[in-house]
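Everything below concerns the one structure shown next.
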Amino acid sequence: MERYEKVKFLGRGTYGEVWMALDKKTNSSVAVKQIRIVEEGEGIHFTALREIMILQELKHPNVIQLSDIFYKNSNIHLVIELAENALNDLIPKLPEDEALTKGLMKQILEGVAYMHENSVLHRDLKPGNLLVTKSGEVKVTDFGTAKIICDSDAPKSTGICTLWYQSPELLFGTKHYGKSMDMWSVGCIFAELLSKHPFFPGNSAIDQLSKIFNTLGTPSEDEWTGMNYLPNYLPFSASPRISFKRAFPKASDSAIKLLSELFTYNPSKRISAHDALESDYFASEPFALSPSEISSVINNLT
């Protein structure tokens, strides 16, 4: 489409390329996500259709916004707002600052709470799927594996969510999961913001579970009722829970409490995004940085 002029290649995904482009109508920069047709005559891959459908419905400051769709050279192009930084690239550079971490977490949770209120599971929350704009706004992006849920008890696909951010119930092969699986991923992101590195970097489902249990302690049947009936359940040797105060020596008591609530084994007892936003962590000083304050920090990093 003549309205958009490619400026800079930003990256390559599973189904195509992403470019920064100039919107000549508004004279503003946008991102254009090019989605390849799977095979000539067979249409667009279903994950692309799902992403388009969900992005058309979600309108929130912390969810990436879709502004246009066009067809060119046998490819579908999604025009989305430009967010210059991926959180996974920023995390190693971020200063130790509780107010900054709170500001980022608050926006992440607000985006997730909005999605969950609208019955959308993201199913692959991770720092690489969280973008930060120059103005300091966090944007949840990449909805290729997202799902609209009308019945939370209905069986769903397995094999979703990047391994390091998968909840234990997914690792044990459940097909009956809900919004709490996203909240475990949020816990992993929170731990990564606190420690500046991935918290559970497993290399297989069993190794991932071992890393989780060796950190959080092996769950008991009383702690997680029904665990041993999950499809891929395997017993693990008993391990004690490590001290979060030792693992995160600079974290406040309220941060440790919220992290523990996100890392609750029983999905039905895991904290929701709405309740996490109401936690003592955000109600106590130092208060969360605003987007403009986050912008100042980020712009000083580059």
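In the structure tokens, chains take letters A, B, ... by order of appearance, with residues numbered from 1 within each chain and ligands from 1 in the order shown.
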
Using 12 Å as the limit and counting only C-alpha atoms, can you tabulate each residue of segment 31-122 of chain A that touches segment 256-263 of chain A, with its shortest atom-to-atom distance in Å and the two atoms involved, as JSON lines?
{"residue": "A:Lys102", "atom": "CA", "partner": "A:Leu258", "partner_atom": "CA", "distance": 11.4}
{"residue": "A:Met105", "atom": "CA", "partner": "A:Leu258", "partner_atom": "CA", "distance": 11.1}
{"residue": "A:Leu109", "atom": "CA", "partner": "A:Leu262", "partner_atom": "CA", "distance": 11.5}

Q: Looking only at strand (DSSP E) from DSSP on the backbone, list the matching residues of segment 13-212 of chain A as a ChimeraX atom specification.
A: /A:17-23,28-36,66-72,75-81,85-86,120-121,130-132,138-140,147-148

Q | Atomic separation - atom CA of Ile206 of chain A relative to atom CA of Lys156 of chain A, Å | A |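 We find that atom CA of Lys156 of chain A and atom CA of Ile206 of chain A lie 21.2 Å from each other.
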
Q.
Residues near Glu110 of chain A, anyone? I mean within 12 Å using only C-alpha atoms, not counting same-chain ones fewer than 5 positions away, as a PyMOL selection string.
A. chain A and resi 60-63+102-105+115-117+137-140+186+272-278

Q.
Which residues are close to Gln65 of chain A, i.e. within 12 Å by only C-alpha atoms, leaving aside same-chain residues fewer than 4 positions away? Reply as a PyMOL selection string.
A. chain A and resi 30-32+51-52+54-61+69+78-83+111+131+138-143

**Q.** Residues within 12 Å of Asn300 of chain A, only C-alpha atoms, excluding chain neighbours under 2 positions, as a ChimeraX atom specification
**A.** /A:90,93-95,134,293-298,302

Write the residues of the preceding selection, restricted to N, CA and C atoms, as a CSV table (one decimal), in the first residue's frame.
chain,number,residue,atom,x,y,z
A,90,LEU,N,16.0,-4.9,27.4
A,90,LEU,CA,16.2,-3.8,28.4
A,90,LEU,C,16.6,-4.4,29.8
A,93,LYS,N,20.0,-4.2,31.4
A,93,LYS,CA,20.6,-2.8,31.5
A,93,LYS,C,19.9,-2.0,32.6
A,94,LEU,N,18.7,-2.5,33.1
A,94,LEU,CA,17.9,-1.6,34.0
A,94,LEU,C,18.6,-1.5,35.3
A,95,PRO,N,18.5,-0.3,35.9
A,95,PRO,CA,19.1,-0.1,37.2
A,95,PRO,C,18.3,-0.8,38.3
A,134,LYS,N,9.1,4.6,23.4
A,134,LYS,CA,9.9,5.7,23.9
A,134,LYS,C,9.3,6.6,24.9
A,293,GLU,N,8.3,8.9,33.5
A,293,GLU,CA,9.5,8.7,34.3
A,293,GLU,C,10.2,7.4,33.9
A,294,ILE,N,9.5,6.4,33.5
A,294,ILE,CA,10.1,5.2,32.9
A,294,ILE,C,10.9,5.6,31.6
A,295,SER,N,10.2,6.5,30.8
A,295,SER,CA,10.8,6.9,29.5
A,295,SER,C,12.2,7.6,29.8
A,296,SER,N,12.3,8.4,30.8
A,296,SER,CA,13.5,9.1,31.1
A,296,SER,C,14.6,8.1,31.5
A,297,VAL,N,14.3,7.0,32.2
A,297,VAL,CA,15.3,6.0,32.6
A,297,VAL,C,15.7,5.2,31.3
A,298,ILE,N,14.8,4.8,30.5
A,298,ILE,CA,15.1,4.0,29.3
A,298,ILE,C,15.9,4.8,28.3
A,302,THR,N,20.1,4.2,26.3
A,302,THR,CA,20.5,4.0,24.9
A,302,THR,C,21.3,5.2,24.4

Using only C-alpha atoms, I'd like a table of the residues in segment 144-213 of chain A that come within 12 Å of segment 234-249 of chain A; for each, show the closest atom pair and its distance in Å rounded to one decimal, ordered by chain and ascending number, as JSON lines.
{"residue": "A:Pro168", "atom": "CA", "partner": "A:Leu234", "partner_atom": "CA", "distance": 11.5}
{"residue": "A:Glu169", "atom": "CA", "partner": "A:Leu234", "partner_atom": "CA", "distance": 11.8}
{"residue": "A:Leu171", "atom": "CA", "partner": "A:Leu234", "partner_atom": "CA", "distance": 10.4}
{"residue": "A:Phe172", "atom": "CA", "partner": "A:Leu234", "partner_atom": "CA", "distance": 7.9}
{"residue": "A:Gly173", "atom": "CA", "partner": "A:Leu234", "partner_atom": "CA", "distance": 10.7}
{"residue": "A:Phe190", "atom": "CA", "partner": "A:Phe248", "partner_atom": "CA", "distance": 11.2}
{"residue": "A:Ala191", "atom": "CA", "partner": "A:Phe248", "partner_atom": "CA", "distance": 8.5}
{"residue": "A:Glu192", "atom": "CA", "partner": "A:Phe248", "partner_atom": "CA", "distance": 10.4}
{"residue": "A:Leu193", "atom": "CA", "partner": "A:Phe248", "partner_atom": "CA", "distance": 10.5}
{"residue": "A:Leu194", "atom": "CA", "partner": "A:Phe248", "partner_atom": "CA", "distance": 6.8}
{"residue": "A:Ser195", "atom": "CA", "partner": "A:Phe248", "partner_atom": "CA", "distance": 6.7}
{"residue": "A:Lys196", "atom": "CA", "partner": "A:Phe248", "partner_atom": "CA", "distance": 10.5}
{"residue": "A:His197", "atom": "CA", "partner": "A:Phe248", "partner_atom": "CA", "distance": 11.8}
{"residue": "A:Phe199", "atom": "CA", "partner": "A:Ala247", "partner_atom": "CA", "distance": 10.1}
{"residue": "A:Ala205", "atom": "CA", "partner": "A:Leu234", "partner_atom": "CA", "distance": 11.0}
{"residue": "A:Ile206", "atom": "CA", "partner": "A:Leu234", "partner_atom": "CA", "distance": 8.8}
{"residue": "A:Asp207", "atom": "CA", "partner": "A:Phe236", "partner_atom": "CA", "distance": 11.1}
{"residue": "A:Leu209", "atom": "CA", "partner": "A:Phe236", "partner_atom": "CA", "distance": 8.9}
{"residue": "A:Ser210", "atom": "CA", "partner": "A:Phe236", "partner_atom": "CA", "distance": 7.8}
{"residue": "A:Lys211", "atom": "CA", "partner": "A:Ser239", "partner_atom": "CA", "distance": 10.4}
{"residue": "A:Ile212", "atom": "CA", "partner": "A:Arg241", "partner_atom": "CA", "distance": 9.7}
{"residue": "A:Phe213", "atom": "CA", "partner": "A:Ser239", "partner_atom": "CA", "distance": 6.6}

Can those selected residues be exported to a file as an mmCIF file, in the first residue's frame so that it contains N, CA, C and O atoms?
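Contents of the output file result_17.cif:
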data_model
loop_
_atom_site.group_PDB
_atom_site.id
_atom_site.type_symbol
_atom_site.label_atom_id
_atom_site.label_comp_id
_atom_site.auth_asym_id
_atom_site.auth_seq_id
_atom_site.Cartn_x
_atom_site.Cartn_y
_atom_site.Cartn_z
ATOM 1 N N PRO A 168 3.449 -24.913 36.096
ATOM 2 C CA PRO A 168 3.590 -26.347 36.375
ATOM 3 C C PRO A 168 2.447 -27.192 35.829
ATOM 4 O O PRO A 168 2.672 -28.321 35.379
ATOM 5 N N GLU A 169 1.216 -26.655 35.843
ATOM 6 C CA GLU A 169 0.099 -27.455 35.324
ATOM 7 C C GLU A 169 0.248 -27.719 33.828
ATOM 8 O O GLU A 169 -0.100 -28.798 33.331
ATOM 9 N N LEU A 171 3.198 -27.883 32.301
ATOM 10 C CA LEU A 171 4.325 -28.815 32.194
ATOM 11 C C LEU A 171 3.898 -30.243 32.502
ATOM 12 O O LEU A 171 4.483 -31.195 31.981
ATOM 13 N N PHE A 172 2.874 -30.390 33.331
ATOM 14 C CA PHE A 172 2.317 -31.706 33.627
ATOM 15 C C PHE A 172 1.232 -32.115 32.629
ATOM 16 O O PHE A 172 0.556 -33.125 32.812
ATOM 17 N N GLY A 173 1.062 -31.339 31.564
ATOM 18 C CA GLY A 173 0.242 -31.756 30.432
ATOM 19 C C GLY A 173 -1.241 -31.505 30.526
ATOM 20 O O GLY A 173 -2.013 -32.064 29.730
ATOM 21 N N PHE A 190 8.316 -11.074 36.626
ATOM 22 C CA PHE A 190 8.616 -10.300 37.832
ATOM 23 C C PHE A 190 9.956 -10.738 38.430
ATOM 24 O O PHE A 190 10.817 -9.909 38.751
ATOM 25 N N ALA A 191 10.152 -12.056 38.539
ATOM 26 C CA ALA A 191 11.416 -12.584 39.072
ATOM 27 C C ALA A 191 12.596 -12.163 38.205
ATOM 28 O O ALA A 191 13.684 -11.864 38.712
ATOM 29 N N GLU A 192 12.366 -12.110 36.896
ATOM 30 C CA GLU A 192 13.437 -11.712 35.976
ATOM 31 C C GLU A 192 13.767 -10.227 36.128
ATOM 32 O O GLU A 192 14.934 -9.833 36.056
ATOM 33 N N LEU A 193 12.758 -9.403 36.367
ATOM 34 C CA LEU A 193 13.000 -7.983 36.613
ATOM 35 C C LEU A 193 13.780 -7.769 37.911
ATOM 36 O O LEU A 193 14.632 -6.882 38.005
ATOM 37 N N LEU A 194 13.503 -8.611 38.909
ATOM 38 C CA LEU A 194 14.187 -8.485 40.194
ATOM 39 C C LEU A 194 15.628 -8.997 40.148
ATOM 40 O O LEU A 194 16.513 -8.447 40.800
ATOM 41 N N SER A 195 15.844 -10.075 39.371
ATOM 42 C CA SER A 195 17.167 -10.723 39.370
ATOM 43 C C SER A 195 18.030 -10.353 38.172
ATOM 44 O O SER A 195 19.222 -10.619 38.166
ATOM 45 N N LYS A 196 17.402 -9.818 37.122
ATOM 46 C CA LYS A 196 18.069 -9.422 35.878
ATOM 47 C C LYS A 196 18.487 -10.619 35.015
ATOM 48 O O LYS A 196 19.316 -10.494 34.120
ATOM 49 N N HIS A 197 17.905 -11.783 35.287
ATOM 50 C CA HIS A 197 18.155 -12.955 34.428
ATOM 51 C C HIS A 197 16.964 -13.910 34.546
ATOM 52 O O HIS A 197 16.216 -13.855 35.534
ATOM 53 N N PHE A 199 14.562 -16.754 35.544
ATOM 54 C CA PHE A 199 14.554 -17.387 36.855
ATOM 55 C C PHE A 199 14.516 -18.918 36.782
ATOM 56 O O PHE A 199 15.093 -19.598 37.621
ATOM 57 N N ALA A 205 10.851 -30.179 29.634
ATOM 58 C CA ALA A 205 9.758 -30.078 30.599
ATOM 59 C C ALA A 205 10.181 -30.603 31.967
ATOM 60 O O ALA A 205 9.898 -29.981 33.007
ATOM 61 N N ILE A 206 10.881 -31.738 31.991
ATOM 62 C CA ILE A 206 11.301 -32.321 33.266
ATOM 63 C C ILE A 206 12.339 -31.434 33.946
ATOM 64 O O ILE A 206 12.286 -31.197 35.155
ATOM 65 N N ASP A 207 13.293 -30.908 33.171
ATOM 66 C CA ASP A 207 14.302 -30.016 33.739
ATOM 67 C C ASP A 207 13.651 -28.734 34.249
ATOM 68 O O ASP A 207 14.048 -28.198 35.296
ATOM 69 N N LEU A 209 10.558 -28.414 35.416
ATOM 70 C CA LEU A 209 9.893 -28.739 36.675
ATOM 71 C C LEU A 209 10.909 -28.902 37.805
ATOM 72 O O LEU A 209 10.676 -28.464 38.937
ATOM 73 N N SER A 210 12.045 -29.514 37.502
ATOM 74 C CA SER A 210 13.090 -29.687 38.522
ATOM 75 C C SER A 210 13.577 -28.340 39.030
ATOM 76 O O SER A 210 13.749 -28.142 40.240
ATOM 77 N N LYS A 211 13.792 -27.403 38.108
ATOM 78 C CA LYS A 211 14.256 -26.079 38.509
ATOM 79 C C LYS A 211 13.201 -25.369 39.366
ATOM 80 O O LYS A 211 13.531 -24.681 40.345
ATOM 81 N N ILE A 212 11.946 -25.516 38.997
ATOM 82 C CA ILE A 212 10.866 -24.902 39.776
ATOM 83 C C ILE A 212 10.798 -25.519 41.177
ATOM 84 O O ILE A 212 10.770 -24.811 42.194
ATOM 85 N N PHE A 213 10.788 -26.853 41.241
ATOM 86 C CA PHE A 213 10.644 -27.537 42.532
ATOM 87 C C PHE A 213 11.868 -27.328 43.422
ATOM 88 O O PHE A 213 11.747 -27.232 44.640
#

Q.
Would you pick out the contacts of Leu22 of chain A at 6 Å or less, using only C-alpha atoms, so that residues sharing its chain but fewer than 5 positions from it are not included, and give the list as a list in words?
A. Tyr4, Glu5, Ser28 and Ser29 of chain A

Q) Which is closer to Glu223 of chain A than all the others in A:Gly144, A:Pro198, A:Asn266, A:Asp253, using only C-alpha atoms? A)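 Counting only C-alpha atoms, the residue closest to Glu223 of chain A is A:Asn266.
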
Q | Those in segment 24-121 of chain A with helix (DSSP H, G or I) from DSSP, as a ChimeraX atom specification | A | /A:46-57,87-93,98-117
